[in-house]
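Coordinates as given in entry-v2.pdb (PDB, C-alpha atoms):
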```
ATOM      1  CA  SER F 292    -204.565 -15.587-153.833
ATOM      2  CA  CYS F 293    -205.358 -12.162-155.350
ATOM      3  CA  ALA F 294    -207.783 -13.752-157.819
ATOM      4  CA  THR F 295    -209.422 -15.798-155.073
ATOM      5  CA  ARG F 296    -209.892 -12.571-153.120
ATOM      6  CA  CYS F 297    -211.716 -11.090-156.116
ATOM      7  CA  PHE F 298    -214.023 -14.094-156.304
ATOM      8  CA  ALA F 299    -214.598 -13.943-152.553
ATOM      9  CA  GLU F 300    -215.635 -10.305-152.807
ATOM     10  CA  PHE F 301    -217.610 -10.281-156.046
ATOM     11  CA  GLY F 302    -218.495 -13.919-156.576
ATOM     12  CA  SER F 303    -222.032 -15.028-157.239
ATOM     13  CA  GLU F 304    -223.929 -17.732-159.101
ATOM     14  CA  ASP F 305    -224.445 -15.275-161.961
ATOM     15  CA  LEU F 306    -220.715 -14.702-162.287
ATOM     16  CA  ASP F 307    -219.967 -18.434-162.141
ATOM     17  CA  ASN F 308    -222.505 -19.133-164.874
ATOM     18  CA  TRP F 309    -221.199 -16.302-167.033
ATOM     19  CA  LEU F 310    -217.603 -17.544-166.829
ATOM     20  CA  SER F 311    -218.642 -21.098-167.615
ATOM     21  CA  CYS F 312    -220.789 -20.004-170.560
ATOM     22  CA  THR F 313    -218.339 -17.615-172.213
ATOM     23  CA  ILE F 314    -215.040 -19.404-171.643
ATOM     24  CA  GLU F 315    -215.716 -23.127-171.602
ATOM     25  CA  ASP F 316    -219.191 -23.898-172.924
ATOM     26  CA  ASN F 317    -219.348 -21.673-176.000
ATOM     27  CA  GLY F 318    -215.792 -20.479-176.578
ATOM     28  CA  CYS F 319    -216.707 -16.781-176.723
ATOM     29  CA  VAL F 320    -213.331 -16.098-175.109
ATOM     30  CA  LYS F 321    -210.484 -17.888-176.892
ATOM     31  CA  VAL F 322    -208.085 -19.795-174.680
ATOM     32  CA  PRO F 323    -204.763 -21.543-175.309
ATOM     33  CA  GLN F 324    -205.231 -24.987-176.835
ATOM     34  CA  ASN F 325    -203.435 -28.286-176.184
ATOM     35  CA  ILE F 326    -201.863 -27.293-172.853
ATOM     36  CA  ASP F 327    -199.544 -30.018-171.559
ATOM     37  CA  ASN F 328    -201.082 -31.295-168.314
ATOM     38  CA  SER F 329    -198.890 -34.389-168.065
ATOM     39  CA  ALA F 330    -197.215 -33.105-164.878
ATOM     40  CA  GLU F 331    -200.500 -33.720-163.084
ATOM     41  CA  ASN F 332    -200.082 -37.460-163.632
ATOM     42  CA  VAL F 333    -196.656 -37.814-162.026
ATOM     43  CA  GLY F 334    -197.478 -39.329-158.653
ATOM     44  CA  TYR F 335    -195.738 -40.047-155.347
ATOM     45  CA  ASP F 336    -194.209 -43.467-154.714
ATOM     46  CA  THR F 337    -194.726 -43.005-150.989
ATOM     47  CA  ALA F 338    -198.508 -42.623-151.208
ATOM     48  CA  ILE F 339    -200.238 -44.953-148.744
ATOM     49  CA  LYS F 340    -201.274 -48.080-150.629
ATOM     50  CA  LYS F 341    -204.171 -49.241-148.447
ATOM     51  CA  PHE F 342    -205.753 -45.984-147.427
ATOM     52  CA  ASP F 343    -209.013 -46.258-145.471
ATOM     53  CA  PRO F 344    -211.275 -43.318-146.432
ATOM     54  CA  SER F 345    -213.367 -43.921-143.304
ATOM     55  CA  SER F 346    -210.524 -42.326-141.390
ATOM     56  CA  LEU F 347    -211.280 -39.016-143.146
ATOM     57  CA  VAL F 348    -214.937 -38.801-142.193
ATOM     58  CA  GLY F 349    -215.671 -35.850-139.941
ATOM     59  CA  LYS F 350    -214.054 -32.456-139.503
ATOM     60  CA  TRP F 351    -210.382 -31.666-140.067
ATOM     61  CA  TYR F 352    -208.422 -28.443-139.830
ATOM     62  CA  LYS F 353    -205.920 -27.559-142.513
ATOM     63  CA  THR F 354    -203.011 -26.479-140.315
ATOM     64  CA  ASP F 355    -199.951 -26.065-142.534
ATOM     65  CA  GLY F 356    -199.546 -25.552-146.266
ATOM     66  CA  LEU F 357    -196.873 -25.373-148.927
ATOM     67  CA  ASN F 358    -198.330 -23.444-151.876
ATOM     68  CA  PRO F 359    -199.118 -19.810-150.959
ATOM     69  CA  ASN F 360    -201.537 -19.466-153.882
ATOM     70  CA  TYR F 361    -203.770 -22.352-152.819
ATOM     71  CA  ASP F 362    -203.031 -23.551-149.306
ATOM     72  CA  LEU F 363    -202.638 -20.626-146.933
ATOM     73  CA  PHE F 364    -205.999 -18.910-146.584
ATOM     74  CA  ASP F 365    -207.133 -18.246-143.027
ATOM     75  CA  CYS F 366    -209.565 -20.240-140.917
ATOM     76  CA  GLN F 367    -209.570 -23.408-143.021
ATOM     77  CA  SER F 368    -211.539 -26.518-142.200
ATOM     78  CA  ASN F 369    -212.806 -29.419-144.291
ATOM     79  CA  THR F 370    -215.529 -31.919-143.500
ATOM     80  CA  PHE F 371    -215.923 -35.306-145.182
ATOM     81  CA  GLU F 372    -218.917 -37.591-145.511
ATOM     82  CA  PHE F 373    -219.601 -40.628-147.677
ATOM     83  CA  THR F 374    -222.098 -40.296-150.507
ATOM     84  CA  ASP F 375    -222.347 -43.977-151.517
ATOM     85  CA  ASP F 376    -222.899 -47.332-149.820
ATOM     86  CA  ASN F 377    -219.573 -48.724-151.062
ATOM     87  CA  LYS F 378    -217.662 -45.938-149.306
ATOM     88  CA  GLN F 379    -215.797 -45.050-152.478
ATOM     89  CA  GLU F 380    -216.959 -41.448-152.807
ATOM     90  CA  LEU F 381    -216.953 -38.502-150.443
ATOM     91  CA  ASP F 382    -218.311 -34.988-150.360
ATOM     92  CA  MET F 383    -215.782 -32.533-148.960
ATOM     93  CA  GLY F 384    -217.103 -29.370-147.375
ATOM     94  CA  ILE F 385    -214.632 -26.503-147.630
ATOM     95  CA  PHE F 386    -214.592 -23.442-145.421
ATOM     96  CA  PHE F 387    -212.042 -20.623-145.446
ATOM     97  CA  ARG F 388    -211.639 -16.904-145.044
ATOM     98  CA  VAL F 389    -210.044 -14.443-147.435
ATOM     99  CA  LYS F 390    -208.642 -11.334-145.758
ATOM    100  CA  ARG F 391    -208.990  -7.869-147.176
ATOM    101  CA  PRO F 392    -205.699  -5.986-146.673
ATOM    102  CA  GLU F 393    -205.736  -3.544-143.788
ATOM    103  CA  GLU F 394    -204.831  -0.662-146.101
ATOM    104  CA  TYR F 395    -208.166  -1.239-147.856
ATOM    105  CA  GLY F 396    -210.187  -1.349-144.665
ATOM    106  CA  GLY F 397    -209.523  -4.828-143.304
ATOM    107  CA  GLY F 398    -212.106  -7.485-142.622
ATOM    108  CA  PHE F 399    -212.650 -10.798-144.370
ATOM    109  CA  TRP F 400    -214.911 -12.726-146.717
ATOM    110  CA  GLU F 401    -216.035 -16.224-145.770
ATOM    111  CA  ASN F 402    -216.299 -18.896-148.455
ATOM    112  CA  SER F 403    -218.119 -22.219-148.208
ATOM    113  CA  LEU F 404    -217.777 -24.709-151.077
ATOM    114  CA  THR F 405    -218.284 -28.420-151.741
ATOM    115  CA  GLU F 406    -216.116 -30.764-153.793
ATOM    116  CA  HIS F 407    -216.835 -34.394-154.649
ATOM    117  CA  MET F 408    -213.979 -36.866-154.119
ATOM    118  CA  VAL F 409    -213.629 -40.295-155.729
ATOM    119  CA  VAL F 410    -211.431 -42.649-153.704
ATOM    120  CA  ASP F 411    -209.200 -44.538-156.150
ATOM    121  CA  ALA F 412    -207.585 -46.449-153.290
ATOM    122  CA  LYS F 413    -210.897 -48.289-152.774
ATOM    123  CA  MET F 414    -211.224 -49.258-156.450
ATOM    124  CA  PRO F 415    -208.480 -51.822-157.157
ATOM    125  CA  GLU F 416    -210.303 -52.988-160.273
ATOM    126  CA  VAL F 417    -209.972 -49.549-161.886
ATOM    127  CA  PRO F 418    -206.632 -48.680-163.568
ATOM    128  CA  ASN F 419    -204.714 -46.138-161.504
ATOM    129  CA  PRO F 420    -201.361 -45.502-163.215
ATOM    130  CA  THR F 421    -200.557 -42.435-161.095
ATOM    131  CA  GLY F 422    -201.128 -44.277-157.817
ATOM    132  CA  ARG F 423    -203.335 -41.442-156.632
ATOM    133  CA  THR F 424    -205.279 -41.926-153.417
ATOM    134  CA  MET F 425    -208.304 -40.048-154.694
ATOM    135  CA  HIS F 426    -209.257 -37.412-157.190
ATOM    136  CA  THR F 427    -211.727 -34.635-157.767
ATOM    137  CA  GLU F 428    -212.854 -32.709-160.788
ATOM    138  CA  GLY F 429    -215.598 -30.238-161.455
ATOM    139  CA  LYS F 430    -216.059 -26.495-161.443
ATOM    140  CA  MET F 431    -215.038 -23.869-158.952
ATOM    141  CA  TYR F 432    -216.041 -20.269-159.550
ATOM    142  CA  GLY F 433    -217.527 -21.434-162.854
ATOM    143  CA  LEU F 434    -214.336 -22.911-164.329
ATOM    144  CA  LYS F 435    -213.256 -26.520-164.645
ATOM    145  CA  PHE F 436    -210.467 -28.045-162.603
ATOM    146  CA  SER F 437    -208.995 -31.510-162.151
ATOM    147  CA  GLU F 438    -206.936 -32.588-159.143
ATOM    148  CA  ASN F 439    -205.182 -35.765-157.952
ATOM    149  CA  TRP F 440    -204.658 -36.278-154.219
ATOM    150  CA  TYR F 441    -202.015 -38.437-152.563
ATOM    151  CA  ILE F 442    -202.110 -39.286-148.861
ATOM    152  CA  ILE F 443    -198.363 -39.505-148.183
ATOM    153  CA  GLY F 444    -198.484 -39.753-144.408
ATOM    154  CA  GLU F 445    -200.970 -40.258-141.602
ATOM    155  CA  SER F 446    -201.518 -41.174-137.986
ATOM    156  CA  ASP F 447    -204.665 -42.586-136.430
ATOM    157  CA  GLY F 448    -203.584 -41.420-132.991
ATOM    158  CA  ASP F 449    -201.662 -44.535-131.990
ATOM    159  CA  LYS F 450    -198.168 -44.547-130.466
ATOM    160  CA  ASP F 451    -198.669 -41.096-128.944
ATOM    161  CA  VAL F 452    -198.767 -39.450-132.387
ATOM    162  CA  PRO F 453    -201.882 -37.262-132.669
ATOM    163  CA  PRO F 454    -204.102 -37.850-135.712
ATOM    164  CA  PHE F 455    -202.983 -36.185-138.940
ATOM    165  CA  LYS F 456    -203.079 -36.596-142.716
ATOM    166  CA  LEU F 457    -200.320 -35.298-144.970
ATOM    167  CA  VAL F 458    -201.737 -34.607-148.431
ATOM    168  CA  ALA F 459    -199.887 -33.817-151.648
ATOM    169  CA  TYR F 460    -201.866 -32.815-154.719
ATOM    170  CA  LYS F 461    -201.369 -32.033-158.393
ATOM    171  CA  GLY F 462    -203.943 -30.485-160.685
ATOM    172  CA  HIS F 463    -204.687 -28.156-163.551
ATOM    173  CA  THR F 464    -207.013 -25.371-164.591
ATOM    174  CA  LEU F 465    -207.083 -23.117-167.647
ATOM    175  CA  GLN F 466    -204.088 -21.378-166.101
ATOM    176  CA  GLY F 467    -202.027 -24.553-166.349
ATOM    177  CA  ASN F 468    -200.617 -27.024-163.846
ATOM    178  CA  TYR F 469    -200.312 -26.496-160.112
ATOM    179  CA  GLU F 470    -199.301 -28.557-157.087
ATOM    180  CA  GLY F 471    -198.938 -28.261-153.361
ATOM    181  CA  SER F 472    -199.204 -30.028-150.051
ATOM    182  CA  PHE F 473    -200.904 -29.495-146.708
ATOM    183  CA  VAL F 474    -201.534 -31.097-143.331
ATOM    184  CA  TYR F 475    -204.860 -32.024-141.788
ATOM    185  CA  ALA F 476    -205.180 -32.259-138.005
ATOM    186  CA  LYS F 477    -208.041 -32.554-135.554
ATOM    187  CA  GLU F 478    -206.984 -29.325-133.869
ATOM    188  CA  PRO F 479    -206.576 -25.843-135.386
ATOM    189  CA  VAL F 480    -202.808 -26.058-134.816
ATOM    190  CA  LEU F 481    -200.808 -29.188-135.609
ATOM    191  CA  PRO F 482    -199.819 -30.718-132.239
ATOM    192  CA  SER F 483    -196.081 -30.642-131.644
ATOM    193  CA  ALA F 484    -196.135 -34.388-130.925
ATOM    194  CA  ALA F 485    -197.153 -34.987-134.558
ATOM    195  CA  VAL F 486    -194.492 -32.793-136.158
ATOM    196  CA  PRO F 487    -191.659 -35.397-136.278
ATOM    197  CA  ALA F 488    -193.911 -37.915-138.059
ATOM    198  CA  VAL F 489    -195.124 -35.251-140.500
ATOM    199  CA  LYS F 490    -191.548 -34.179-141.234
ATOM    200  CA  GLU F 491    -190.502 -37.775-141.845
ATOM    201  CA  ALA F 492    -193.389 -38.483-144.203
ATOM    202  CA  ALA F 493    -192.770 -35.238-146.099
ATOM    203  CA  ALA F 494    -189.067 -35.998-146.502
ATOM    204  CA  LYS F 495    -189.790 -39.474-147.868
ATOM    205  CA  ALA F 496    -191.970 -37.828-150.534
ATOM    206  CA  GLY F 497    -189.267 -35.315-151.422
ATOM    207  CA  LEU F 498    -190.886 -32.411-149.551
ATOM    208  CA  ASP F 499    -189.370 -30.187-146.863
ATOM    209  CA  PHE F 500    -191.794 -29.523-144.028
ATOM    210  CA  ASP F 501    -189.673 -26.549-142.935
ATOM    211  CA  LYS F 502    -190.923 -24.807-146.094
ATOM    212  CA  PHE F 503    -194.557 -25.193-145.035
ATOM    213  CA  THR F 504    -196.326 -22.230-143.416
ATOM    214  CA  ARG F 505    -198.676 -22.452-140.473
ATOM    215  CA  ILE F 506    -202.232 -21.475-141.398
ATOM    216  CA  GLU F 507    -203.972 -18.849-139.269
ATOM    217  CA  ASN F 508    -206.867 -20.792-137.762
ATOM    218  CA  THR F 509    -207.752 -18.658-134.746
ATOM    219  CA  CYS F 510    -210.700 -17.198-136.704
ATOM    220  CA  PRO F 511    -210.788 -13.938-134.728
ATOM    221  CA  THR F 512    -214.125 -12.176-134.337
ATOM    222  CA  THR F 513    -212.567  -8.764-133.769
ATOM    223  CA  SER F 514    -212.519  -8.026-137.510
ATOM    224  CA  LYS F 515    -215.700  -7.777-139.555
ATOM    225  CA  SER F 516    -217.232 -10.132-142.079
ATOM    226  CA  LEU F 517    -217.693  -8.461-145.470
ATOM    227  CA  ASN F 518    -220.171 -10.995-146.845
ATOM    228  CA  ASP F 519    -223.412  -9.598-148.222
ATOM    229  CA  GLU F 520    -226.225 -11.838-146.976
ATOM    230  CA  SER F 521    -228.371 -10.964-149.976
ATOM    231  CA  ALA F 522    -225.676 -12.228-152.359
ATOM    232  CA  GLY F 523    -224.754 -15.394-150.499
ATOM    233  CA  THR F 524    -220.989 -15.755-150.496
ATOM    234  CA  GLY F 525    -219.511 -12.457-151.637
ATOM    235  CA  THR F 526    -220.744  -8.882-151.831
ATOM    236  CA  SER F 527    -223.161  -7.085-154.121
ATOM    237  CA  THR F 528    -222.512  -8.005-157.779
ATOM    238  CA  THR F 529    -223.805  -4.890-159.520
ATOM    239  CA  ASP F 530    -220.386  -4.175-161.043
ATOM    240  CA  TRP F 531    -219.224  -7.739-161.694
ATOM    241  CA  VAL F 532    -219.193  -7.306-165.487
ATOM    242  CA  ASP F 533    -216.374  -4.766-165.277
ATOM    243  CA  LEU F 534    -214.598  -7.050-162.823
ATOM    244  CA  VAL F 535    -214.720  -9.856-165.394
ATOM    245  CA  ILE F 536    -213.906  -8.192-168.704
ATOM    246  CA  GLY F 537    -212.312  -4.909-167.659
ATOM    247  CA  GLU F 538    -208.575  -4.364-167.925
ATOM    248  CA  GLY F 539    -206.883  -6.508-165.304
ATOM    249  CA  GLY F 540    -210.156  -8.339-164.652
ATOM    250  CA  VAL F 541    -210.918 -12.002-164.140
ATOM    251  CA  ILE F 542    -210.583 -12.952-167.815
ATOM    252  CA  ASP F 543    -207.135 -11.344-168.004
ATOM    253  CA  TRP F 544    -206.178 -13.488-165.014
ATOM    254  CA  VAL F 545    -207.632 -16.746-166.344
ATOM    255  CA  VAL F 546    -206.592 -16.442-169.989
ATOM    256  CA  PRO F 547    -203.966 -13.761-170.614
ATOM    257  CA  GLY F 548    -204.166 -12.563-174.192
ATOM    258  CA  TRP F 549    -207.813 -13.478-174.706
ATOM    259  CA  ARG F 550    -208.399 -10.340-176.753
ATOM    260  CA  GLY F 551    -206.635 -11.878-179.757
ATOM    261  CA  GLU F 552    -203.181 -13.218-178.997
ATOM    262  CA  TYR F 553    -204.332 -16.827-179.112
ATOM    263  CA  LYS F 554    -205.617 -18.243-182.371
ATOM    264  CA  ASN F 555    -207.295 -21.571-183.111
TER     265      ASN F 555
END
```
Now, as a test, write the supplied structure out as structure tokens.
Amino acid sequence: SCATRCFAEFGSEDLDNWLSCTIEDNGCVKVPQNIDNSAENVGYDTAIKKFDPSSLVGKWYKTDGLNPNYDLFDCQSNTFEFTDDNKQELDMGIFFRVKRPEEYGGGFWENSLTEHMVVDAKMPEVPNPTGRTMHTEGKMYGLKFSENWYIIGESDGDKDVPPFKLVAYKGHTLQGNYEGSFVYAKEPVLPSAAVPAVKEAAAKAGLDFDKFTRIENTCPTTSKSLNDESAGTGTSTTDWVDLVIGEGGVIDWVVPGWRGEYKN
């Protein structure tokens, strides 16, 4: 979450391009080789087998999350829309806020991103050994990521259970493997009538919903936005070089030891 805050404050297209060029495209910064990402491909037996991606189209709030490094940013919403006639691919619009600690002046940065999702559940002819519902891969903040999603519980609103999706995911970046889980609902707070069904679905997947944290989705307007309109998402980037390669900067976060500890 600290690193994401740095990107939210200083991020820009220039910074994204610089990271991509120096770390991944040309290898100017040496990174660990042959990282074991096999954990990403261990799926969930309880993933819904006949998932209908049409049920995702529209706007959803991310209401509760498990991984504090990835899931718990404020004011989170996602929107989904199909990008193909076969309804096998979706664009996911991502919106969230990153708070600046009060001791540093308070306020928040708003981030708006897009990820492209491929729905494996609608492609029975394609091998899917993990049983993933869908997957996404690409670049975020200039660096590659890969992520498998599993829909492990849902309601379409029938039987007095408000609509929800319970998602578990596993992925990797240059930092290694990561995983987490979160809940989508049509309201900023998960309705209490949906909680028993969410808890049951989580338990069947080996997750404890009591360990999830409610996401702050009130989106208060009493604090100030720190976004610099001239820089798009983020603030002025005049000192981004020091942010990237200075001691404790972005490169130290992405690839510890890049100054020589890792050898080809």
Gap from CA of Leu481 (chain F) to CA of Asp355 (chain F) - Å, one decimal: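 Answer for the CA of Leu481 (chain F) to CA of Asp355 (chain F) separation: 7.6 Å.
Applied to this file, the PyMOL selection byres ((chain F and resi 389) around 7) selects the residues F:Arg296, F:Ala299, F:Phe364, F:Asp365, F:Phe387, F:Arg388, F:Lys390, F:Arg391, F:Phe399, F:Trp400, F:Glu401.
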field: 9 Å contact set for region 334-340 of chain F, only C-alpha atoms, chain neighbours under 6 positions out, as a list of chain:residue names
entry: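 The residues that qualify are F:Ala412, F:Pro420, F:Thr421, F:Gly422, F:Arg423, F:Thr424, F:Asn439, F:Trp440, F:Tyr441, F:Ile442, F:Ile443, F:Gly444, F:Glu445, F:Ala459, F:Tyr460, F:Lys461, F:Ala492, F:Lys495, F:Ala496, F:Gly497.
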query: What is the distance between CA of Pro511 (chain F) and CA of Asp382 (chain F), in Å to one decimal?
result: 27.3 Å
If you take every atom of region 369-386 of chain F that the file lists and fit an axis-aligned box around them with 5 Å extra on each side, what centre and edge lengths come out in Å to one decimal, as AutoDock Vina command-line options?
```
--center_x -217.9 --center_y -36.1 --center_z -148.2 --size_x 20.1 --size_y 35.3 --size_z 19.3
```
Considering all atoms listed in the file, give me a table of residues in region 344-456 of chain F that are at most 6 Å from region 468-472 of chain F, with the closest atom pair and distance in Å for each, as a tab-separated table.
```
residue	atom	partner	partner_atom	distance
F:Gly356	CA	F:Ser472	CA	5.9
F:Leu357	CA	F:Ser472	CA	5.3
F:Asn358	CA	F:Gly471	CA	5.1
```
- prompt: How far is it from CA of Pro392 (chain F) to CA of Trp351 (chain F), in Å with one decimal?
  reply: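 We find that CA of Pro392 (chain F) and CA of Trp351 (chain F) lie 26.9 Å from each other.
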- request: For the point (-220.7, -25.5, -152.9) in the file's frame, write as a list in words all residues with an atom no more than 9 Å away, counting only C-alpha atoms.
  value: Gly384, Ile385, Ser403, Leu404, Thr405, Glu406 and Met431 of chain F
query: Where does the PyMOL selection byres ((chain F and resi 350) around 12) land in this file, that is, which residues does it pick, as a ChimeraX atom specification?
result: /F:346-349,351-353,367-372,382-386,454-455,475-479
- request: Considering all atoms listed in the file, state which residue in the set F:Ser446, F:Asn518, F:Thr513, F:Ser329 is at the smallest distance from Pro487 (chain F).
  value: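 Counting all atoms listed in the file, the residue closest to Pro487 (chain F) is F:Ser446.
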